[in-house]
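Asks: So here's target-v7.txt (compact mmCIF, C-alpha atoms).
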```txt
# COMPACT_ATOMS: atom_id res chain seq x y z
CA MET A 346 -0.86 -14.05 -23.97
CA GLU A 347 -2.81 -13.91 -20.71
CA VAL A 348 -2.61 -10.56 -18.93
CA ILE A 349 -2.36 -11.04 -15.16
CA ALA A 350 -1.50 -7.48 -14.15
CA LYS A 351 -2.12 -4.13 -15.81
CA ARG A 352 -2.63 -0.48 -15.05
CA PRO A 353 -6.11 0.10 -13.57
CA GLU A 354 -8.47 1.92 -15.92
CA SER A 355 -9.03 4.48 -13.19
CA LEU A 356 -5.41 5.62 -13.48
CA THR A 357 -4.12 7.72 -16.38
CA ASP A 358 -1.15 6.51 -18.41
CA LEU A 359 1.13 9.19 -16.94
CA GLN A 360 4.19 8.03 -15.02
CA PHE A 361 4.11 8.78 -11.30
CA THR A 362 6.33 11.72 -10.35
CA TYR A 363 6.61 10.85 -6.65
CA CYS A 364 9.99 10.31 -5.02
CA PRO A 365 11.56 6.82 -5.07
CA GLY A 366 10.16 4.74 -2.24
CA CYS A 367 7.15 7.00 -1.70
CA THR A 368 3.95 5.10 -1.01
CA HIS A 369 1.61 7.53 -2.80
CA GLY A 370 1.82 5.32 -5.87
CA ILE A 371 0.68 2.30 -3.88
CA SER A 372 -2.31 4.07 -2.38
CA HIS A 373 -3.22 5.49 -5.80
CA ARG A 374 -3.26 2.03 -7.30
CA LEU A 375 -5.34 0.55 -4.47
CA ILE A 376 -7.96 3.27 -4.86
CA ALA A 377 -8.00 2.94 -8.64
CA GLU A 378 -8.33 -0.84 -8.51
CA ALA A 379 -11.27 -0.55 -6.13
CA MET A 380 -12.91 2.05 -8.37
CA ASP A 381 -12.57 -0.32 -11.33
CA GLU A 382 -13.90 -3.33 -9.47
CA LEU A 383 -16.89 -1.39 -8.14
CA GLU A 384 -17.49 0.20 -11.58
CA MET A 385 -17.46 3.68 -10.07
CA ARG A 386 -15.05 5.56 -12.36
CA ASN A 387 -17.63 7.17 -14.65
CA MET A 388 -19.61 8.44 -11.66
CA MET A 389 -16.65 9.46 -9.48
CA MET A 390 -15.31 12.90 -8.59
CA GLY A 391 -12.13 13.39 -6.57
CA VAL A 392 -10.58 16.35 -4.76
CA ALA A 393 -6.82 16.94 -4.55
CA PRO A 394 -5.68 19.70 -2.14
CA VAL A 395 -2.23 21.21 -1.46
CA GLY A 396 0.80 19.03 -0.77
CA CYS A 397 2.20 16.02 -2.62
CA SER A 398 -1.42 14.89 -2.91
CA VAL A 399 -2.07 17.80 -5.29
CA PHE A 400 -0.68 15.68 -8.11
CA ALA A 401 -3.49 13.15 -7.74
CA TYR A 402 -5.50 15.11 -10.30
CA LYS A 403 -2.99 14.01 -12.95
CA PHE A 404 -3.10 10.34 -12.08
CA PHE A 405 -6.75 9.45 -11.38
CA ASP A 406 -8.72 9.04 -14.59
CA CYS A 407 -11.96 10.52 -13.30
CA ASP A 408 -13.28 14.03 -12.77
CA MET A 409 -10.91 15.81 -10.36
CA ALA A 410 -10.92 19.21 -8.70
CA GLU A 411 -8.24 21.03 -6.73
CA ALA A 412 -8.98 22.59 -3.35
CA ALA A 413 -7.23 25.26 -1.31
CA HIS A 414 -4.97 23.97 1.46
CA GLY A 415 -7.01 21.87 3.90
CA ARG A 416 -10.34 22.63 2.27
CA ALA A 417 -10.89 19.37 0.37
CA PRO A 418 -13.71 18.11 2.63
CA ALA A 419 -15.54 21.43 2.25
CA LEU A 420 -15.20 21.33 -1.53
CA ALA A 421 -16.21 17.67 -1.60
CA THR A 422 -19.28 18.51 0.47
CA GLY A 423 -20.35 21.11 -2.08
CA MET A 424 -19.69 18.80 -5.01
CA LYS A 425 -21.71 15.96 -3.48
CA ARG A 426 -24.61 18.18 -2.52
CA ALA A 427 -24.66 19.80 -5.96
CA ARG A 428 -24.44 16.43 -7.72
CA PRO A 429 -25.94 13.83 -5.36
CA ASP A 430 -25.92 11.32 -8.22
CA MET A 431 -22.10 11.33 -8.21
CA HIS A 432 -19.63 9.72 -5.79
CA VAL A 433 -16.94 11.91 -4.23
CA PHE A 434 -13.61 11.25 -2.53
CA THR A 435 -10.74 13.37 -1.22
CA TYR A 436 -7.08 12.40 -1.16
CA GLN A 437 -5.14 14.29 1.53
CA GLY A 438 -1.84 14.34 3.39
CA ASP A 439 -1.33 14.84 7.11
CA GLY A 440 -0.06 18.41 6.84
CA ASP A 441 -3.12 19.31 4.81
CA LEU A 442 -5.84 17.40 6.64
CA ALA A 443 -4.61 17.46 10.23
CA ALA A 444 -3.28 21.04 10.33
CA ILE A 445 -4.95 23.78 8.29
CA GLY A 446 -7.79 21.40 7.42
CA THR A 447 -8.66 20.27 10.94
CA ALA A 448 -11.98 22.12 11.07
CA GLU A 449 -13.02 20.91 7.63
CA ILE A 450 -12.42 17.23 8.30
CA ILE A 451 -14.03 17.27 11.74
CA HIS A 452 -17.18 19.04 10.62
CA ALA A 453 -17.57 17.04 7.40
CA ALA A 454 -17.29 13.87 9.48
CA ASN A 455 -19.63 15.23 12.13
CA ARG A 456 -22.25 16.03 9.50
CA GLY A 457 -21.91 12.54 8.09
CA GLU A 458 -21.28 13.81 4.57
CA HIS A 459 -21.57 11.08 1.96
CA ILE A 460 -17.93 11.24 0.87
CA THR A 461 -14.83 9.09 1.29
CA VAL A 462 -11.63 10.61 2.65
CA PHE A 463 -8.25 8.96 2.00
CA PHE A 464 -5.65 10.26 4.44
CA VAL A 465 -1.93 9.68 3.85
CA ASN A 466 0.03 9.89 7.12
CA ASN A 467 3.83 10.04 6.75
CA ALA A 468 4.39 12.17 9.88
CA ILE A 469 5.86 15.13 7.99
CA TYR A 470 5.16 17.89 5.49
CA GLY A 471 6.40 16.26 2.30
CA MET A 472 6.05 18.74 -0.53
CA THR A 473 7.16 21.95 1.17
CA GLY A 474 10.47 20.86 2.66
CA GLY A 475 9.99 18.37 5.45
CA GLN A 476 8.62 20.56 8.22
CA MET A 477 7.05 19.19 11.40
CA ALA A 478 3.44 18.12 10.89
CA PRO A 479 0.65 17.53 13.41
CA THR A 480 1.45 13.80 13.11
CA THR A 481 5.23 14.15 13.66
CA LEU A 482 6.34 11.76 16.40
CA PRO A 483 7.84 12.86 19.73
CA GLY A 484 11.57 13.34 19.31
CA MET A 485 11.36 13.15 15.50
CA LYS A 486 13.68 15.59 13.76
CA THR A 487 12.36 17.75 10.92
CA THR A 488 13.47 20.99 9.28
CA THR A 489 11.42 22.96 11.82
CA SER A 490 12.21 20.69 14.78
CA PRO A 491 15.94 20.03 14.29
CA TYR A 492 16.31 18.84 17.88
CA GLY A 493 13.26 16.63 17.71
CA ARG A 494 9.59 17.28 18.46
CA ASP A 495 9.25 18.39 22.08
CA GLU A 496 5.82 17.28 23.20
CA LYS A 497 5.99 19.50 26.29
CA ASP A 498 6.26 22.53 24.01
CA ILE A 499 4.46 21.41 20.82
CA GLY A 500 2.11 18.74 22.13
CA TYR A 501 1.65 15.16 21.04
CA PRO A 502 0.89 13.83 17.54
CA ILE A 503 -2.73 14.15 16.49
CA LYS A 504 -4.32 10.77 15.91
CA VAL A 505 -7.00 11.51 13.36
CA CYS A 506 -8.83 8.18 13.37
CA GLU A 507 -9.16 8.28 17.14
CA LEU A 508 -10.33 11.90 16.95
CA LEU A 509 -13.01 11.17 14.35
CA ASP A 510 -14.08 8.05 16.23
CA SER A 511 -15.23 10.32 19.06
CA LEU A 512 -17.98 11.61 16.74
CA ASP A 513 -21.30 9.86 16.30
CA SER A 514 -21.88 10.41 12.58
CA PRO A 515 -19.03 8.69 10.66
CA TYR A 516 -20.04 5.38 9.13
CA PHE A 517 -16.63 3.79 8.61
CA ILE A 518 -13.15 4.61 9.99
CA GLU A 519 -10.04 2.46 9.60
CA ARG A 520 -6.27 2.87 9.68
CA VAL A 521 -4.19 0.65 7.42
CA SER A 522 -0.49 0.21 6.67
CA LEU A 523 1.40 0.27 3.37
CA LEU A 524 4.61 -1.08 4.90
CA SER A 525 4.57 -4.69 3.66
CA PRO A 526 2.95 -6.77 0.90
CA GLN A 527 0.64 -8.35 3.47
CA ASP A 528 -0.37 -4.93 4.77
CA ILE A 529 -1.06 -3.72 1.23
CA LEU A 530 -3.36 -6.67 0.50
CA LYS A 531 -5.30 -5.93 3.69
CA ALA A 532 -5.40 -2.22 2.83
CA LYS A 533 -6.91 -3.02 -0.57
CA LYS A 534 -9.89 -4.72 1.10
CA VAL A 535 -10.40 -1.74 3.39
CA VAL A 536 -10.23 0.77 0.51
CA LYS A 537 -12.75 -1.25 -1.46
CA LYS A 538 -15.10 -1.49 1.52
CA ALA A 539 -14.93 2.28 2.10
CA LEU A 540 -15.73 2.98 -1.56
CA ARG A 541 -18.48 0.36 -1.61
CA TYR A 542 -20.13 2.10 1.32
CA ASN A 543 -19.69 5.35 -0.62
CA LYS A 544 -21.42 3.82 -3.64
CA GLU A 545 -24.23 2.58 -1.43
CA GLU A 546 -24.67 6.08 0.06
CA ARG A 547 -24.18 4.88 3.62
CA GLY A 548 -22.37 7.95 4.92
CA PHE A 549 -18.93 9.35 5.75
CA THR A 550 -16.08 6.87 5.27
CA PHE A 551 -12.44 7.42 6.20
CA VAL A 552 -9.26 5.45 5.49
CA GLU A 553 -5.85 6.43 6.88
CA PHE A 554 -2.68 5.04 5.26
CA VAL A 555 0.43 4.74 7.44
CA SER A 556 3.05 5.72 4.89
CA THR A 557 6.65 6.82 4.39
CA CYS A 558 8.55 9.86 3.12
CA PRO A 559 12.11 8.62 2.44
CA THR A 560 13.28 11.91 0.92
CA ASN A 561 12.37 14.14 3.87
CA TRP A 562 13.24 11.47 6.41
CA GLY A 563 16.73 11.34 4.88
CA MET A 564 16.59 7.58 4.29
CA ASP A 565 16.49 5.12 1.45
CA ALA A 566 13.25 3.28 0.78
CA LYS A 567 14.13 0.15 2.75
CA ASP A 568 15.30 2.05 5.83
CA ALA A 569 12.17 4.23 5.67
CA ILE A 570 9.93 1.15 5.71
CA ASN A 571 11.80 -0.29 8.68
CA TRP A 572 11.75 3.04 10.54
CA ALA A 573 8.00 3.37 10.01
CA LYS A 574 7.38 -0.16 11.27
CA GLU A 575 9.46 0.47 14.39
CA ASN A 576 8.26 3.99 15.15
CA MET A 577 5.00 4.85 13.42
CA LEU A 578 3.01 1.66 13.96
CA PRO A 579 3.37 1.77 17.78
CA ASN A 580 1.98 5.32 17.71
CA PHE A 581 -0.61 4.91 14.95
CA THR A 582 -2.33 1.61 15.64
CA VAL A 583 -3.57 -0.24 12.56
CA LYS A 584 -7.17 -1.21 13.30
CA ASN A 585 -10.81 -0.71 12.42
CA PHE A 586 -12.35 2.00 14.58
CA ARG A 587 -15.86 2.13 13.16
CA ASP A 588 -17.98 -0.02 10.85
CA LYS A 589 -21.65 0.67 11.32
CA ALA A 590 -22.53 -2.07 8.84
CA LYS A 591 -21.38 -4.62 11.43
CA GLU A 592 -23.46 -2.89 14.07
CA GLU A 593 -26.43 -3.11 11.72
CA GLY A 594 -25.78 -6.79 11.09
CA GLY A 595 -25.09 -6.20 7.42
CA GLU A 596 -21.47 -7.36 7.27
```
Represent the structure from my file as structure tokens, please.
Replies:
Amino acid sequence: MEVIAKRPESLTDLQFTYCPGCTHGISHRLIAEAMDELEMRNMMMGVAPVGCSVFAYKFFDCDMAEAAHGRAPALATGMKRARPDMHVFTYQGDGDLAAIGTAEIIHAANRGEHITVFFVNNAIYGMTGGQMAPTTLPGMKTTTSPYGRDEKDIGYPIKVCELLDSLDSPYFIERVSLLSPQDILKAKKVVKKALRYNKEERGFTFVEFVSTCPTNWGMDAKDAINWAKENMLPNFTVKNFRDKAKEEGGE
């Protein structure tokens, strides 16, 4: 019998424990497939910080470390500098990366560290109860903004790709969507490109996934996808922000 689909070797055989409709499983698979295709698994180290992303250490079948909340880029920097022969990635949520980890991500990007950062943006704190995150949309209700985010009081959502694109050092920055099959196929190519640049030691690469959190949004999976398409995509534009390989004429 011909096998046309199977679990990537870079994923363990454990069943995902994420909520129904959560897109963490999709992003995990895309990263694992790219690791397999680029033959990086045996030379890969990943960092899982606090949040739903903490469980990544159970699911990626490569060397994994856990970081304190927001500190994944700092830990990844140390791992890469201690073992320059290895390839390093972080897998972070928006509450982790864009709140307590703001300094770490900005300075790692500004130094041009040779790591890849995967950033899952679902506009909310997922693991700790659905509180407002730095990426929460104006007017969006959460457990800590029951009347909706008031941008006059709290400010506007932080757009991480745009923020990092203001720096000179990053090599590759792109925001992708996990909200449709077509989007997922495009995201796979972007993930693979970011990891290929990582393997080639080109510099700091960053991929943001526009995602969902049905449980904390109080929706079923289908409604969450539709809500994200209608509300998140207009605020978090899916596009490539930086690809120095194109500037160098190499792509």
Asks: I'd like a table as JSON lines: residues in region 535-568 of chain A with an atom no more than 12 Å from region 395-418 of chain A, each row giving the shortest atom pair and its distance in Å to one decimal, all atoms listed in the file counted, sorted by chain and rising residue number.
Replies:
```
{"residue": "A:Phe549", "atom": "CA", "partner": "A:Pro418", "partner_atom": "CA", "distance": 10.7}
{"residue": "A:Thr550", "atom": "CA", "partner": "A:Pro418", "partner_atom": "CA", "distance": 11.8}
{"residue": "A:Phe551", "atom": "CA", "partner": "A:Pro418", "partner_atom": "CA", "distance": 11.3}
{"residue": "A:Cys558", "atom": "CA", "partner": "A:Cys397", "partner_atom": "CA", "distance": 10.5}
```
Asks: Tell me, in Å to one decimal, how far CA of His373 (chain A) is from CA of Thr488 (chain A).
Replies: 27.3 Å
Asks: Point out the residue among A:Cys364, A:Ala443, A:Ala453, A:Ala379 with the least atom-to-atom distance to Leu530 (chain A), counting all atoms listed in the file.
Replies: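 Nearest to Leu530 (chain A): A:Ala379.
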Asks: For Ser372 (chain A), work out the shell of residues within 8 Å, counting all atoms listed in the file and skipping chain neighbours fewer than 3 positions away, then give it as a ChimeraX atom specification.
Replies: /A:368-369,375-376,523,554
Asks: Separation of CA of Trp562 (chain A) and CA of Thr487 (chain A), in Å?
Replies: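 Distance between the two atoms: 7.8 Å.
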Asks: Using all atoms listed in the file, which protein or nucleic acid residues come within 10 Å of Lys538 (chain A)? Drop anything in the same chain fewer than 6 positions from it, and give the result as a PDB file with C-alpha atoms, in the coordinates of the input.
Replies:
```
ATOM      1  CA  ALA A 379     -11.270  -0.550  -6.130  1.00  0.00           C
ATOM      2  CA  LEU A 383     -16.890  -1.390  -8.140  1.00  0.00           C
ATOM      3  CA  PHE A 517     -16.630   3.790   8.610  1.00  0.00           C
ATOM      4  CA  ALA A 532      -5.400  -2.220   2.830  1.00  0.00           C
ATOM      5  CA  LYS A 544     -21.420   3.820  -3.640  1.00  0.00           C
ATOM      6  CA  THR A 550     -16.080   6.870   5.270  1.00  0.00           C
ATOM      7  CA  VAL A 552      -9.260   5.450   5.490  1.00  0.00           C
ATOM      8  CA  ASP A 588     -17.980  -0.020  10.850  1.00  0.00           C
TER       9      ASP A 588
END
```
Asks: Using CA of Thr422 (chain A) and CA of Phe434 (chain A) as the two end points, give the distance in Å to one decimal.
Replies: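 Value for the CA of Thr422 (chain A)-CA of Phe434 (chain A) distance: 9.7 Å.
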Asks: Please report, as JSON, the centre and edge lengths in Å to one decimal of an axis-aligned box covering all listed atoms of region 454-465 of chain A with 5 Å per side.
Replies:
```
{"center_x": -12.1, "center_y": 12.5, "center_z": 6.5, "size_x": 30.3, "size_y": 17.1, "size_z": 21.3}
```
Asks: Select, from A:Pro491, A:Asp510, A:Ile460, A:Ala468, the residue with the minimum atom-to-atom distance to Met424 (chain A), counting all atoms listed in the file.
Replies: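 Using all atoms listed in the file, the shortest distance to Met424 (chain A) belongs to A:Ile460.
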Asks: Out of A:Pro559, A:Pro479, A:Pro526, A:Gly391, which residue has the shortest atom-to-atom distance to Gly446 (chain A) when counting only C-alpha atoms?
Replies: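 Once distances to Gly446 (chain A) are computed over only C-alpha atoms, the minimum belongs to A:Pro479.
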Asks: Measuring atom to atom with all atoms listed in the file, identify which of A:Glu382, A:Arg456, A:Pro365, A:Ala393 is nearest to Asn561 (chain A).
Replies: A:Pro365
Asks: Find the spatial neighbours of His432 (chain A), counting all atoms listed in the file, within a cut-off of 10 Å - ignore same-chain residues fewer than 5 positions away - and output them as a PDB file with C-alpha atoms, in the frame of the given file.
Replies:
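Done, and the output landed in result-v2.pdb:
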```pdb
ATOM      1  CA  MET A 385     -17.460   3.680 -10.070  1.00  0.00           C
ATOM      2  CA  ARG A 386     -15.050   5.560 -12.360  1.00  0.00           C
ATOM      3  CA  ASN A 387     -17.630   7.170 -14.650  1.00  0.00           C
ATOM      4  CA  MET A 388     -19.610   8.440 -11.660  1.00  0.00           C
ATOM      5  CA  MET A 389     -16.650   9.460  -9.480  1.00  0.00           C
ATOM      6  CA  MET A 390     -15.310  12.900  -8.590  1.00  0.00           C
ATOM      7  CA  GLY A 391     -12.130  13.390  -6.570  1.00  0.00           C
ATOM      8  CA  ALA A 421     -16.210  17.670  -1.600  1.00  0.00           C
ATOM      9  CA  MET A 424     -19.690  18.800  -5.010  1.00  0.00           C
ATOM     10  CA  LYS A 425     -21.710  15.960  -3.480  1.00  0.00           C
ATOM     11  CA  HIS A 459     -21.570  11.080   1.960  1.00  0.00           C
ATOM     12  CA  ILE A 460     -17.930  11.240   0.870  1.00  0.00           C
ATOM     13  CA  THR A 461     -14.830   9.090   1.290  1.00  0.00           C
ATOM     14  CA  LEU A 540     -15.730   2.980  -1.560  1.00  0.00           C
ATOM     15  CA  ASN A 543     -19.690   5.350  -0.620  1.00  0.00           C
ATOM     16  CA  LYS A 544     -21.420   3.820  -3.640  1.00  0.00           C
ATOM     17  CA  GLU A 545     -24.230   2.580  -1.430  1.00  0.00           C
ATOM     18  CA  GLU A 546     -24.670   6.080   0.060  1.00  0.00           C
TER      19      GLU A 546
END
```
Asks: Between A:Leu509, A:Ala478, A:Met380, A:Ala427, which has the minimum distance to Asp441 (chain A) (counting only C-alpha atoms)?
Replies: A:Ala478
Asks: Closest to Ser525 (chain A) among A:Glu458, A:Val555, A:Lys504, A:Lys497, using all atoms listed in the file?
Replies: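 Among A:Glu458, A:Val555, A:Lys504, A:Lys497, it is A:Val555 that comes nearest to Ser525 (chain A).
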Asks: Need the shell around Glu378 (chain A): protein/DNA/RNA residues with any atom at most 10 Å away, counting only C-alpha atoms. Skip same-chain ones fewer than 5 positions apart. Format as a ChimeraX atom specification?
Replies: /A:352-356,372-373,383-384,533,536-537
Asks: Would you mind exporting C-alpha atoms of the selected residues as a short mmCIF file (atom, residue, chain, number, x, y, z; two decimals), in the frame of the given file?
Replies:
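Below is the file that was written, out05.cif:
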```cif
data_model
loop_
_atom_site.label_atom_id
_atom_site.label_comp_id
_atom_site.auth_asym_id
_atom_site.auth_seq_id
_atom_site.Cartn_x
_atom_site.Cartn_y
_atom_site.Cartn_z
CA ARG A 352 -2.63 -0.48 -15.05
CA PRO A 353 -6.11 0.10 -13.57
CA GLU A 354 -8.47 1.92 -15.92
CA SER A 355 -9.03 4.48 -13.19
CA LEU A 356 -5.41 5.62 -13.48
CA SER A 372 -2.31 4.07 -2.38
CA HIS A 373 -3.22 5.49 -5.80
CA LEU A 383 -16.89 -1.39 -8.14
CA GLU A 384 -17.49 0.20 -11.58
CA LYS A 533 -6.91 -3.02 -0.57
CA VAL A 536 -10.23 0.77 0.51
CA LYS A 537 -12.75 -1.25 -1.46
#
```
Asks: Name the residues in contact with Arg494 (chain A) at a cut-off of 9 Å, using all atoms listed in the file, excluding same-chain residues fewer than 4 positions from it; report them as a VMD selection string.
Replies: chain A and resid 477 481 to 487 489 to 490 498 to 501
